[in-house]
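Structure below is final_27.txt: compact mmCIF, C-alpha atoms.
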```txt
# COMPACT_ATOMS: atom_id res chain seq x y z
CA MET K 1 38.05 -14.76 11.60
CA ARG K 2 40.31 -11.81 12.37
CA LYS K 3 39.14 -8.29 11.57
CA GLU K 4 41.82 -7.87 8.91
CA GLU K 5 40.63 -11.02 7.17
CA LEU K 6 37.05 -9.83 7.27
CA ILE K 7 38.01 -6.46 5.77
CA LYS K 8 39.98 -8.23 3.04
CA LYS K 9 36.99 -10.41 2.30
CA LEU K 10 34.63 -7.43 2.16
CA GLU K 11 37.01 -5.58 -0.14
CA SER K 12 37.55 -8.45 -2.52
CA VAL K 13 34.16 -10.15 -2.67
CA GLU K 14 32.70 -10.30 -6.16
CA LEU K 15 29.57 -8.20 -6.22
CA PRO K 16 26.53 -8.92 -8.39
CA LYS K 17 26.54 -6.96 -11.63
CA VAL K 18 22.94 -6.55 -12.59
CA GLU K 19 21.50 -4.20 -15.19
CA LEU K 20 17.77 -4.26 -15.78
CA GLN K 21 17.26 -2.25 -18.95
CA SER K 22 13.54 -3.02 -19.04
CA HIS K 23 13.00 -1.65 -15.53
CA ARG K 24 15.21 1.31 -16.29
CA ARG K 25 13.21 2.09 -19.43
CA ARG K 26 9.84 1.73 -17.76
CA LEU K 27 10.84 3.94 -14.85
CA ARG K 28 12.31 6.52 -17.23
CA ILE K 29 9.04 6.75 -19.14
CA ALA K 30 7.05 6.96 -15.91
CA LEU K 31 9.22 9.84 -14.70
CA LEU K 32 8.92 11.68 -17.99
CA ASN K 33 5.15 11.42 -17.71
CA ALA K 34 4.98 12.31 -14.04
CA ASP K 35 3.55 15.62 -12.95
CA TYR K 36 5.52 17.94 -10.75
CA PRO K 37 3.89 18.38 -7.37
CA GLU K 38 2.21 21.63 -6.54
CA ALA K 39 4.67 24.05 -5.02
CA GLN K 40 4.71 23.27 -1.34
CA ARG K 41 4.84 25.86 1.34
CA GLU K 42 8.18 25.67 3.05
CA VAL K 43 6.42 25.92 6.39
CA SER K 44 4.27 22.85 5.96
CA ILE K 45 6.52 20.70 8.10
CA LEU K 46 6.72 23.43 10.70
CA ASP K 47 2.97 23.62 10.83
CA LEU K 48 2.85 19.88 11.18
CA ALA K 49 5.39 19.95 13.97
CA LYS K 50 3.46 22.65 15.78
CA SER K 51 0.20 20.80 15.51
CA ARG K 52 1.89 17.66 16.75
CA VAL K 53 3.33 19.45 19.69
CA LYS K 54 0.09 21.13 20.60
CA GLY K 55 -1.49 17.75 20.97
CA GLY K 56 1.58 16.26 22.53
CA ILE K 57 0.94 16.83 26.19
CA GLU K 58 -2.65 15.74 26.00
CA ARG K 59 -1.81 12.59 24.10
CA MET K 60 1.06 11.83 26.39
CA LEU K 61 -1.03 12.10 29.49
CA LYS K 62 -3.72 9.92 27.97
CA GLY K 63 -1.02 7.50 27.00
CA LEU K 64 0.22 7.26 30.53
CA VAL K 65 -3.17 6.19 31.75
CA SER K 66 -4.47 3.63 29.34
CA PRO K 67 -1.75 0.99 29.04
CA ARG K 68 -1.14 0.74 32.76
CA PRO K 69 -4.47 0.81 34.58
CA VAL K 70 -2.93 0.87 38.05
CA TRP K 71 -1.86 4.45 37.46
CA LYS K 72 -4.12 7.42 37.11
CA ILE K 73 -3.03 10.83 36.28
CA ALA K 74 -3.57 12.88 39.35
CA LEU K 75 -2.45 16.35 39.98
CA ILE K 76 -1.58 17.51 36.55
CA THR K 77 -0.51 20.85 37.86
CA THR K 78 2.05 19.21 40.03
CA ALA K 79 3.14 16.69 37.49
CA ALA K 80 6.86 16.91 37.17
CA ILE K 81 7.54 15.96 33.63
CA VAL K 82 11.18 15.92 32.74
CA LEU K 83 10.21 16.80 29.28
CA ALA K 84 9.44 20.15 27.83
CA PHE K 85 7.83 20.93 24.57
CA GLY K 86 9.68 23.30 22.38
CA LEU K 87 7.25 25.85 21.16
CA ALA K 88 6.23 29.12 22.71
CA ILE K 89 9.73 29.54 23.92
CA GLY K 90 10.11 32.03 26.70
CA LEU K 91 13.59 33.21 26.07
CA PRO K 92 15.49 34.95 28.79
CA SER K 93 16.92 38.30 27.96
CA LEU K 94 20.41 37.12 27.36
CA ILE K 95 22.79 39.19 25.40
CA GLY K 96 25.28 37.62 23.06
CA GLN K 97 24.62 33.97 23.81
CA SER K 98 21.76 31.89 22.58
CA PRO K 99 19.65 30.17 25.25
CA GLU K 100 20.54 26.81 23.70
CA LEU K 101 24.27 27.44 24.01
CA LEU K 102 23.86 28.75 27.53
CA ALA K 103 21.80 25.73 28.56
CA ALA K 104 24.34 23.34 27.08
CA GLU K 105 27.21 25.12 28.79
CA ILE K 106 25.50 25.18 32.19
CA ALA K 107 24.56 21.50 31.92
CA GLN K 108 27.93 20.17 30.92
CA ASN K 109 29.74 22.16 33.61
CA SER K 110 27.26 21.39 36.37
CA PRO K 111 28.74 19.44 39.30
CA ASP K 112 25.41 17.58 39.56
CA VAL K 113 25.62 16.44 35.95
CA ILE K 114 29.29 15.52 36.25
CA ALA K 115 28.51 13.54 39.39
CA ALA K 116 25.55 11.83 37.70
CA LEU K 117 27.83 10.83 34.84
CA GLY K 118 29.97 9.02 37.39
CA GLY K 119 33.32 10.15 36.08
CA ASP K 120 32.42 9.62 32.45
CA GLU K 121 33.78 12.31 30.15
CA VAL K 122 31.17 14.45 28.36
CA GLU K 123 30.88 13.57 24.67
CA THR K 124 27.57 14.98 23.44
CA VAL K 125 25.32 17.72 24.77
CA LYS K 126 21.91 18.18 23.20
CA VAL K 127 19.29 20.74 24.17
CA LEU K 128 15.89 19.14 23.79
CA SER K 129 13.73 22.13 24.41
CA ILE K 130 13.32 25.39 26.26
CA GLU K 131 10.08 26.48 27.83
CA ASP K 132 9.49 29.13 30.47
CA ASN K 133 13.25 29.55 30.78
CA MET K 134 13.68 25.92 31.74
CA ALA K 135 15.84 23.92 29.35
CA THR K 136 15.83 20.17 29.08
CA VAL K 137 19.28 18.96 28.14
CA ILE K 138 20.68 15.50 27.47
CA VAL K 139 24.34 14.98 28.29
CA ALA K 140 25.96 11.80 26.97
CA GLY K 141 29.28 10.51 28.22
CA LYS K 142 31.99 8.76 26.22
CA MET K 143 31.55 5.58 28.22
CA GLY K 144 27.81 5.49 27.56
CA GLY K 145 26.41 7.29 30.57
CA ILE K 146 23.41 9.53 29.97
CA VAL K 147 22.10 12.35 32.11
CA ASN K 148 18.88 14.27 31.56
CA ALA K 149 19.27 17.71 33.09
CA LEU K 150 16.79 20.48 33.77
CA VAL K 151 18.49 23.87 33.53
CA ASP K 152 17.01 27.05 34.94
CA LEU K 153 18.19 29.76 32.58
CA TYR K 154 17.41 32.59 34.99
CA THR K 155 19.34 31.25 37.94
CA LYS K 156 21.75 29.41 35.63
CA VAL K 157 21.71 26.25 37.71
CA VAL K 158 20.82 22.66 37.04
CA THR K 159 17.73 21.96 39.08
CA GLN K 160 17.55 18.26 38.33
CA ALA K 161 19.97 15.69 36.95
CA VAL K 162 18.69 12.18 36.29
CA SER K 163 21.12 9.53 35.10
CA GLY K 164 20.51 6.18 33.55
CA PRO K 165 21.79 3.63 31.11
CA GLN K 166 22.10 3.92 27.35
CA LEU K 167 19.35 2.46 25.26
CA THR K 168 19.98 -1.15 24.35
CA ASP K 169 20.37 -1.93 20.65
CA GLU K 170 16.84 -3.36 20.70
CA GLU K 171 15.37 -0.26 22.35
CA GLU K 172 17.17 2.01 19.91
CA GLN K 173 15.93 -0.04 16.97
CA LYS K 174 12.41 0.00 18.39
CA ALA K 175 12.54 3.79 18.71
CA ILE K 176 13.67 4.07 15.09
CA ASP K 177 10.95 1.65 13.95
CA VAL K 178 8.23 3.54 15.82
CA ALA K 179 9.48 6.90 14.54
CA THR K 180 9.85 5.84 10.92
CA ALA K 181 6.34 4.39 10.95
CA ASP K 182 4.97 7.78 11.98
CA PRO K 183 3.58 9.78 9.04
CA GLY K 184 5.04 13.05 10.32
CA VAL K 185 8.53 11.62 10.63
CA GLN K 186 8.15 9.81 7.32
CA GLU K 187 7.32 13.09 5.62
CA ILE K 188 10.54 14.61 6.93
CA LEU K 189 12.63 11.58 5.95
CA ASP K 190 11.10 11.60 2.48
CA ARG K 191 12.67 14.98 1.95
CA GLY K 192 16.09 13.37 2.32
CA ALA K 193 16.53 13.92 6.04
CA VAL K 194 18.45 11.42 8.13
CA ILE K 195 18.21 10.20 11.69
CA ASP K 196 21.30 11.58 13.34
CA LEU K 197 21.23 10.52 16.93
CA VAL K 198 19.08 8.45 19.27
CA LEU K 199 19.47 8.93 23.01
CA PRO K 200 17.43 7.82 25.99
CA MET K 201 15.43 10.35 27.91
CA TYR K 202 14.13 9.73 31.38
CA VAL K 203 10.61 10.96 31.87
CA THR K 204 9.42 11.51 35.43
CA PHE K 205 5.88 12.26 36.40
CA SER K 206 3.59 11.96 39.40
CA GLY K 207 0.71 9.54 39.51
CA ILE K 208 -1.59 7.93 42.03
CA ASN K 209 -0.99 4.34 42.81
CA GLN K 210 -4.57 3.09 42.76
CA GLU K 211 -3.80 0.26 45.14
CA THR K 212 -2.28 2.40 47.88
CA GLY K 213 -3.75 5.82 47.03
CA GLU K 214 -0.30 7.28 47.40
CA ILE K 215 1.13 9.81 44.99
CA GLU K 216 4.31 8.36 43.58
CA GLN K 217 7.01 9.40 41.22
CA ILE K 218 7.22 7.29 38.12
CA THR K 219 10.25 7.36 35.84
CA GLU K 220 10.20 5.84 32.41
CA THR K 221 12.81 5.61 29.68
CA TRP K 222 11.78 7.03 26.34
CA ALA K 223 13.88 7.85 23.31
CA GLN K 224 14.79 11.22 21.91
CA MET K 225 16.07 11.34 18.37
CA TRP K 226 17.34 14.08 16.13
CA ILE K 227 16.65 14.21 12.44
CA ASN K 228 18.81 16.42 10.24
CA LEU K 229 18.21 17.92 6.84
CA GLY K 230 20.89 20.39 5.82
CA ASN K 231 21.01 22.97 8.55
CA LYS K 232 17.52 22.10 9.81
CA GLN K 233 16.99 19.77 12.72
CA TRP K 234 13.94 18.12 14.23
CA GLY K 235 13.65 16.48 17.60
CA VAL K 236 11.38 13.45 17.87
CA GLN K 237 10.30 12.09 21.21
CA VAL K 238 9.31 8.45 21.15
CA ASP K 239 7.51 6.63 23.93
CA ILE K 240 9.05 3.21 23.44
CA ILE K 241 6.81 1.68 26.07
CA ARG K 242 3.60 2.50 24.22
CA ASP K 243 5.14 2.57 20.74
CA ARG K 244 4.15 6.11 19.86
CA VAL K 245 5.73 9.32 18.69
CA VAL K 246 4.88 11.85 21.37
CA SER K 247 6.09 14.97 19.63
CA ILE K 248 8.02 16.35 16.72
CA THR K 249 9.69 19.69 17.30
CA ASP K 250 11.89 21.75 15.03
CA MET A 1 30.04 16.59 -15.96
CA THR A 2 31.49 19.21 -13.65
CA VAL A 3 29.99 20.10 -10.28
CA ASP A 4 28.75 23.41 -11.70
CA GLN A 5 27.15 21.70 -14.67
CA GLU A 6 25.40 19.24 -12.40
CA ARG A 7 24.24 22.03 -10.16
CA GLU A 8 22.78 23.81 -13.16
CA LEU A 9 21.12 20.57 -14.30
CA VAL A 10 19.58 20.04 -10.86
CA GLU A 11 18.16 23.57 -10.93
CA ARG A 12 16.63 22.95 -14.37
CA ALA A 13 15.29 19.59 -13.24
CA LYS A 14 13.21 21.31 -10.60
CA ASN A 15 10.83 22.41 -13.36
CA ASN A 16 11.76 20.21 -16.28
CA ALA A 17 11.16 16.46 -16.32
CA GLU A 18 13.58 15.93 -19.19
CA ALA A 19 16.37 17.51 -17.17
CA PHE A 20 15.41 15.29 -14.27
CA VAL A 21 15.63 12.26 -16.52
CA GLU A 22 19.20 13.30 -17.41
CA LEU A 23 20.01 13.05 -13.72
CA TYR A 24 18.14 9.77 -13.57
CA ASP A 25 20.17 8.36 -16.48
CA ARG A 26 23.32 9.38 -14.69
CA TYR A 27 22.49 7.78 -11.33
CA TYR A 28 20.06 4.95 -11.99
CA SER A 29 22.73 2.21 -12.07
CA GLN A 30 24.44 3.45 -8.91
CA ILE A 31 21.23 3.62 -6.92
CA PHE A 32 19.87 0.32 -8.21
CA GLY A 33 23.24 -1.31 -7.46
CA TYR A 34 23.30 0.11 -3.95
CA VAL A 35 19.76 -1.04 -3.17
CA LEU A 36 20.50 -4.48 -4.58
CA LYS A 37 23.62 -4.81 -2.43
CA ARG A 38 21.62 -3.79 0.63
CA THR A 39 18.67 -6.08 -0.03
CA ALA A 40 20.06 -8.89 -2.24
CA ASN A 41 16.65 -9.13 -3.82
CA ILE A 42 15.99 -8.15 -7.42
CA ASP A 43 12.26 -7.48 -7.02
CA VAL A 44 12.79 -5.34 -3.93
CA ALA A 45 15.66 -3.48 -5.60
CA GLN A 46 13.37 -2.55 -8.50
CA ASP A 47 10.58 -1.37 -6.22
CA VAL A 48 12.83 0.59 -3.89
CA THR A 49 14.76 2.19 -6.77
CA SER A 50 11.50 3.31 -8.38
CA GLU A 51 10.38 4.80 -5.07
CA VAL A 52 13.71 6.59 -4.62
CA PHE A 53 13.50 8.35 -7.98
CA PHE A 54 9.84 9.25 -7.58
CA LYS A 55 10.58 10.72 -4.15
CA ALA A 56 13.59 12.59 -5.54
CA PHE A 57 11.37 13.94 -8.34
CA LYS A 58 8.66 14.96 -5.91
CA ASN A 59 11.04 16.59 -3.43
CA LEU A 60 13.66 18.01 -5.77
CA ARG A 61 12.46 21.56 -5.26
CA GLN A 62 13.41 21.22 -1.65
CA PHE A 63 16.94 20.13 -2.48
CA HIS A 64 19.41 22.95 -1.99
CA TRP A 65 23.14 22.80 -2.55
CA ARG A 66 24.64 22.96 0.91
CA GLY A 67 27.89 21.24 0.20
CA VAL A 68 26.23 17.84 -0.17
CA PRO A 69 26.37 16.45 -3.72
CA PHE A 70 23.17 15.45 -5.49
CA SER A 71 24.34 11.83 -5.60
CA SER A 72 24.65 11.81 -1.80
CA TRP A 73 21.11 13.12 -1.55
CA LEU A 74 19.89 10.25 -3.73
CA TYR A 75 21.84 7.74 -1.64
CA ARG A 76 20.28 9.29 1.45
CA ILE A 77 16.75 8.86 0.10
CA ALA A 78 17.64 5.30 -0.91
CA THR A 79 18.97 4.59 2.59
CA ASN A 80 15.75 5.91 4.12
CA GLU A 81 13.64 3.89 1.71
CA ILE A 82 15.58 0.72 2.51
CA ALA A 83 15.12 1.36 6.23
CA ASN A 84 11.44 1.91 5.56
CA TYR A 85 11.28 -1.35 3.66
CA PHE A 86 12.99 -3.28 6.44
CA THR A 87 10.71 -1.72 9.05
CA LYS A 88 7.51 -2.49 7.20
CA ASN A 89 8.50 -6.02 6.24
CA LYS A 90 9.77 -7.41 9.48
CA PRO A 91 10.75 -10.11 10.05
CA TRP A 92 12.76 -9.90 6.85
CA GLN A 93 15.72 -12.15 6.60
CA PHE A 94 17.31 -13.08 3.36
CA SER A 95 18.48 -16.63 2.94
CA LEU A 96 20.43 -18.23 0.15
CA GLU A 97 17.40 -20.28 -0.86
CA GLU A 98 15.18 -17.26 -0.94
CA VAL A 99 16.13 -15.57 -4.20
CA SER A 100 12.75 -14.92 -5.70
CA ASN A 101 11.85 -16.82 -8.81
CA SER A 102 8.77 -14.81 -9.41
CA VAL A 103 8.78 -13.12 -12.77
CA SER A 104 5.61 -11.25 -13.36
CA SER A 105 5.88 -9.45 -16.58
CA SER A 106 4.22 -9.74 -19.92
CA ASP A 107 7.37 -8.37 -21.55
CA PRO A 108 9.47 -11.37 -22.68
CA LEU A 109 12.64 -9.26 -22.69
CA ALA A 110 11.99 -8.15 -19.13
CA GLU A 111 11.32 -11.75 -18.17
CA THR A 112 14.62 -12.89 -19.66
CA GLU A 113 16.45 -10.05 -17.96
CA LEU A 114 14.99 -10.94 -14.60
CA ILE A 115 15.92 -14.60 -14.96
CA GLU A 116 19.48 -13.59 -15.90
CA ALA A 117 19.68 -11.11 -13.06
CA GLU A 118 18.60 -13.70 -10.53
CA ALA A 119 21.07 -16.20 -11.95
CA GLU A 120 23.82 -13.58 -11.62
CA LEU A 121 22.81 -12.97 -8.01
CA ARG A 122 22.83 -16.69 -7.22
CA ARG A 123 26.33 -17.00 -8.69
CA ARG A 124 27.72 -14.54 -6.14
CA GLU A 125 27.66 -16.99 -3.28
CA ASP A 126 30.35 -15.26 -1.24
CA PHE A 127 28.46 -12.00 -1.49
CA LEU A 128 25.20 -13.68 -0.49
CA THR A 129 26.84 -15.31 2.51
CA LEU A 130 28.34 -11.99 3.60
CA HIS A 131 25.02 -10.25 2.99
CA GLU A 132 23.18 -12.80 5.07
CA ASN A 133 25.39 -11.93 8.04
CA ILE A 134 25.33 -8.18 7.38
CA SER A 135 21.53 -8.26 7.29
CA LYS A 136 21.54 -9.53 10.88
CA LEU A 137 23.21 -6.31 12.06
CA GLN A 138 21.35 -3.18 13.06
CA LEU A 139 20.58 -0.95 10.09
CA LYS A 140 23.07 1.72 11.17
CA TYR A 141 25.88 -0.82 10.86
CA GLN A 142 24.55 -2.28 7.61
CA GLU A 143 24.50 1.19 6.08
CA VAL A 144 28.11 2.08 6.81
CA ILE A 145 29.51 -1.34 5.92
CA VAL A 146 27.76 -1.55 2.56
CA LEU A 147 28.59 2.05 1.66
CA ARG A 148 32.22 1.62 2.64
CA PHE A 149 33.00 -1.77 1.16
CA PHE A 150 30.42 -2.46 -1.54
CA GLU A 151 29.97 1.10 -2.75
CA ASP A 152 33.59 2.08 -2.15
CA LYS A 153 32.65 5.36 -0.47
CA GLN A 154 35.09 7.31 1.66
CA LEU A 155 34.19 8.14 5.26
CA LYS A 156 33.54 11.79 4.39
CA GLU A 157 31.09 10.81 1.65
CA ILE A 158 29.36 8.28 3.92
CA GLY A 159 29.01 11.08 6.46
CA GLU A 160 27.38 13.28 3.81
CA ILE A 161 24.98 10.51 2.85
CA LEU A 162 24.00 9.58 6.38
CA GLY A 163 24.17 13.11 7.78
CA LYS A 164 26.70 12.05 10.38
CA ARG A 165 30.10 13.34 11.34
CA GLU A 166 33.13 11.53 9.94
CA GLY A 167 34.16 10.45 13.42
CA THR A 168 30.73 8.95 14.05
CA VAL A 169 30.92 7.02 10.77
CA LYS A 170 34.36 5.73 11.72
CA SER A 171 33.11 4.59 15.08
CA LEU A 172 30.01 2.93 13.57
CA LEU A 173 32.19 1.16 11.03
CA HIS A 174 34.53 -0.09 13.74
CA ARG A 175 31.68 -1.40 15.90
CA GLY A 176 29.81 -2.81 12.92
CA LEU A 177 32.85 -4.73 11.70
CA GLU A 178 33.41 -6.12 15.16
CA LYS A 179 29.81 -7.34 15.33
CA LEU A 180 30.04 -8.78 11.82
CA ARG A 181 33.29 -10.53 12.68
CA LYS A 182 31.60 -12.26 15.61
CA LEU A 183 28.72 -13.33 13.36
CA THR A 184 31.10 -14.85 10.81
CA GLU A 185 32.96 -16.90 13.41
```

The structure in this file should be written as structure tokens.
Amino acid sequence: MRKEELIKKLESVELPKVELQSHRRRLRIALLNADYPEAQREVSILDLAKSRVKGGIERMLKGLVSPRPVWKIALITTAAIVLAFGLAIGLPSLIGQSPELLAAEIAQNSPDVIAALGGDEVETVKVLSIEDNMATVIVAGKMGGIVNALVDLYTKVVTQAVSGPQLTDEEEQKAIDVATADPGVQEILDRGAVIDLVLPMYVTFSGINQETGEIEQITETWAQMWINLGNKQWGVQVDIIRDRVVSITD
Amino acid sequence: MTVDQERELVERAKNNAEAFVELYDRYYSQIFGYVLKRTANIDVAQDVTSEVFFKAFKNLRQFHWRGVPFSSWLYRIATNEIANYFTKNKPWQFSLEEVSNSVSSSDPLAETELIEAEAELRRREDFLTLHENISKLQLKYQEVIVLRFFEDKQLKEIGEILGKREGTVKSLLHRGLEKLRKLTE
């Protein structure tokens, strides 16, 4: 079937015309009798996000150990996690330009990032988080290339650019399924928020290979998604290997 | 009802259930119809529609006019609820033989209505065949295709509902149609 034929079919198909007056009536009565919820503090989601983030690192590190027994978390202080958590932001004293904008600009113009994209033209730049003047930025190309970049906002250089493939449809769906099953994410979605974008993020950390005793770099692909509600935005990091939401940041 | 009148009604509805029910009366059919076209299941459409309006009622105080109409907000909640339903009920595949016959109501009128509704759904074979293929697509494609073709929404409005840019909606629609075309071959 050609696309034009399919469109014609979709436009002309006879749709079911169903009216359920009994359901409508019952629901109407139930709504009339429903109590309004107690006024909620506007910050409740923020508090939730903060509490999630506070526990994020700990839970993530635990998570890295249990499902794969060959790895043990070793030198936490030296762990290079290409992932930063977005609270307690140490903003540089920049005048006139927000750290987010600066990070995005540095990342998308970085020769390292452009090289990692392999000639792909930049389509989307998203700042995941900023901590201690280090920004984690995802740069997505039009052809599907993705680069995770670490930007030093003091020296204004990209210190690390890791490229990789897009999430497959299955991985993206899995990330959405895991996120929407999370009570924190569900609470945000219940307010009418929508999942805007799902991108891969490449998480690198050091661990001891128990068989060899060597410290090795491990890179995993997780998912980073953005949820929008009006002019508010949340970032949700999903470990799609262990099916868990690692953090929710606003 | 003008935009200003609706805006005023929404503000009143934040503290007045009767005002909320006015909004409900205005949008019940649209939302129920949308959920039915997404799920092709009368029982699920009733449950999801109820959930949508209860969530709208519960969260209305957090709805602020930011250029997105109230109806788009309801569609957005409905879209989230449908996604939630699909996620929790996997594997969930509708088949032509699977229109539920279960009528569990002590109300004879409701029972008759349900039987008629299911008969109406069964009659729309072309729709059910299309729906069966659409339901095999990823949710993001299902959403844009149903909103565009079954709900007759423009790209801008779909963008408002899904919180996506118009260009993104266009691209999703293009890719979704291509995937659906392959499924119908």

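Between CA of Thr136 in chain K and CA of Leu229 in chain K the separation is 22.5 Å.
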
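If you look at CA of Gly33 in chain A and CA of Leu162 in chain A, they are 17.6 Å away from each other.
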
Produce a table with one row for each residue of chain K that has an atom at most 6 Å from any atom of chain A, each row naming the nearest atom pair and its distance in Å at one decimal; use all atoms listed in the file; arrange rows by chain and rising residue number; format as a Markdown table.
```
| residue | atom | partner | partner_atom | distance |
| --- | --- | --- | --- | --- |
| K:Met1 | CA | A:Glu185 | CA | 5.8 |
| K:Leu10 | CA | A:Phe149 | CA | 6.0 |
| K:Glu11 | CA | A:Phe149 | CA | 5.7 |
| K:Pro16 | CA | A:Leu121 | CA | 5.5 |
| K:Val18 | CA | A:Ala117 | CA | 5.6 |
| K:Ser22 | CA | A:Ala110 | CA | 5.4 |
| K:Leu32 | CA | A:Ala17 | CA | 5.5 |
| K:Asp177 | CA | A:Thr87 | CA | 6.0 |
| K:Arg191 | CA | A:Asn59 | CA | 5.8 |
| K:Gly192 | CA | A:Ile77 | CA | 5.1 |
| K:Val194 | CA | A:Gly163 | CA | 6.0 |
```

Dump as an mmCIF file, keeping the file's coordinate frame, selection limited to C-alpha atoms:
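Written out: selection-v2.cif:
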```cif
data_model
loop_
_atom_site.group_PDB
_atom_site.id
_atom_site.type_symbol
_atom_site.label_atom_id
_atom_site.label_comp_id
_atom_site.auth_asym_id
_atom_site.auth_seq_id
_atom_site.Cartn_x
_atom_site.Cartn_y
_atom_site.Cartn_z
ATOM 1 C CA MET K 1 38.050 -14.760 11.600
ATOM 2 C CA LEU K 10 34.630 -7.430 2.160
ATOM 3 C CA GLU K 11 37.010 -5.580 -0.140
ATOM 4 C CA PRO K 16 26.530 -8.920 -8.390
ATOM 5 C CA VAL K 18 22.940 -6.550 -12.590
ATOM 6 C CA SER K 22 13.540 -3.020 -19.040
ATOM 7 C CA LEU K 32 8.920 11.680 -17.990
ATOM 8 C CA ASP K 177 10.950 1.650 13.950
ATOM 9 C CA ARG K 191 12.670 14.980 1.950
ATOM 10 C CA GLY K 192 16.090 13.370 2.320
ATOM 11 C CA VAL K 194 18.450 11.420 8.130
#
```

Record the distance separating CA of Gly159 in chain A and CA of Leu147 in chain A, expressed in Å with one decimal.
10.2 Å

All file atoms of range 165-174 of chain A boxed axis-aligned, 4 Å per side, centre plus edges, as lines of an AutoDock Vina configuration file:
```
center_x = 32.3
center_y = 6.6
center_z = 12.5
size_x = 12.5
size_y = 21.4
size_z = 13.1
```

The residue from K:Leu199, K:Leu150, K:Ile248, K:Val125 with the smallest atom-to-atom distance to Leu167 in chain K, counting only C-alpha atoms, is K:Leu199

Could you give me, as an MDAnalysis selection string, the residues that have an atom at most 10 Å away from the point (18.0, 15.4, 32.9) in the coordinates of the file, using all atoms listed in the file?
chainID K and resid 82:83 107 113 116 135:139 146:151 158:164 201:204

Hey, can you pull every residue with an atom no more than 12 Å from (18.5, -4.4, 18.2), using only C-alpha atoms, and send it as JSON, numbers by chain?
{"K": [167, 168, 169, 170, 171, 172, 173, 174, 175, 176, 177], "A": [135, 136, 137, 138, 139, 140, 141]}

Using all atoms listed in the file, which of the listed residues (K:Leu128, K:Gln186, K:Ile215, K:Val238) sits closest to Asp250 in chain K?
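Closest to Asp250 in chain K of all the choices is K:Leu128.
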
With N, CA and C atoms as the target, complete range 161-174 of chain A and hand it back as an mmCIF file, keeping the file's coordinate frame.
```
data_model
loop_
_atom_site.group_PDB
_atom_site.id
_atom_site.type_symbol
_atom_site.label_atom_id
_atom_site.label_comp_id
_atom_site.auth_asym_id
_atom_site.auth_seq_id
_atom_site.Cartn_x
_atom_site.Cartn_y
_atom_site.Cartn_z
ATOM 1 N N ILE A 161 26.182 11.282 3.170
ATOM 2 C CA ILE A 161 24.980 10.510 2.850
ATOM 3 C C ILE A 161 24.119 10.296 4.096
ATOM 4 N N LEU A 162 24.766 9.937 5.184
ATOM 5 C CA LEU A 162 24.000 9.580 6.380
ATOM 6 C C LEU A 162 23.757 10.778 7.305
ATOM 7 N N GLY A 163 24.346 11.929 6.939
ATOM 8 C CA GLY A 163 24.170 13.110 7.780
ATOM 9 C C GLY A 163 24.846 12.957 9.121
ATOM 10 N N LYS A 164 25.968 12.247 9.125
ATOM 11 C CA LYS A 164 26.700 12.050 10.380
ATOM 12 C C LYS A 164 28.117 12.594 10.237
ATOM 13 N N ARG A 165 28.726 12.886 11.363
ATOM 14 C CA ARG A 165 30.100 13.340 11.340
ATOM 15 C C ARG A 165 31.019 12.182 10.965
ATOM 16 N N GLU A 166 32.178 12.548 10.390
ATOM 17 C CA GLU A 166 33.130 11.530 9.940
ATOM 18 C C GLU A 166 33.550 10.617 11.100
ATOM 19 N N GLY A 167 33.758 11.234 12.254
ATOM 20 C CA GLY A 167 34.160 10.450 13.420
ATOM 21 C C GLY A 167 33.097 9.450 13.834
ATOM 22 N N THR A 168 31.837 9.860 13.711
ATOM 23 C CA THR A 168 30.730 8.950 14.050
ATOM 24 C C THR A 168 30.702 7.779 13.082
ATOM 25 N N VAL A 169 30.922 8.086 11.792
ATOM 26 C CA VAL A 169 30.920 7.020 10.770
ATOM 27 C C VAL A 169 32.038 6.026 11.078
ATOM 28 N N LYS A 170 33.197 6.570 11.418
ATOM 29 C CA LYS A 170 34.360 5.730 11.720
ATOM 30 C C LYS A 170 34.050 4.797 12.886
ATOM 31 N N SER A 171 33.430 5.383 13.894
ATOM 32 C CA SER A 171 33.110 4.590 15.080
ATOM 33 C C SER A 171 32.038 3.532 14.769
ATOM 34 N N LEU A 172 31.037 3.903 13.962
ATOM 35 C CA LEU A 172 30.010 2.930 13.570
ATOM 36 C C LEU A 172 30.623 1.795 12.757
ATOM 37 N N LEU A 173 31.542 2.160 11.877
ATOM 38 C CA LEU A 173 32.190 1.160 11.030
ATOM 39 C C LEU A 173 32.997 0.186 11.901
ATOM 40 N N HIS A 174 33.711 0.736 12.850
ATOM 41 C CA HIS A 174 34.530 -0.090 13.740
ATOM 42 C C HIS A 174 33.644 -1.065 14.514
#
```
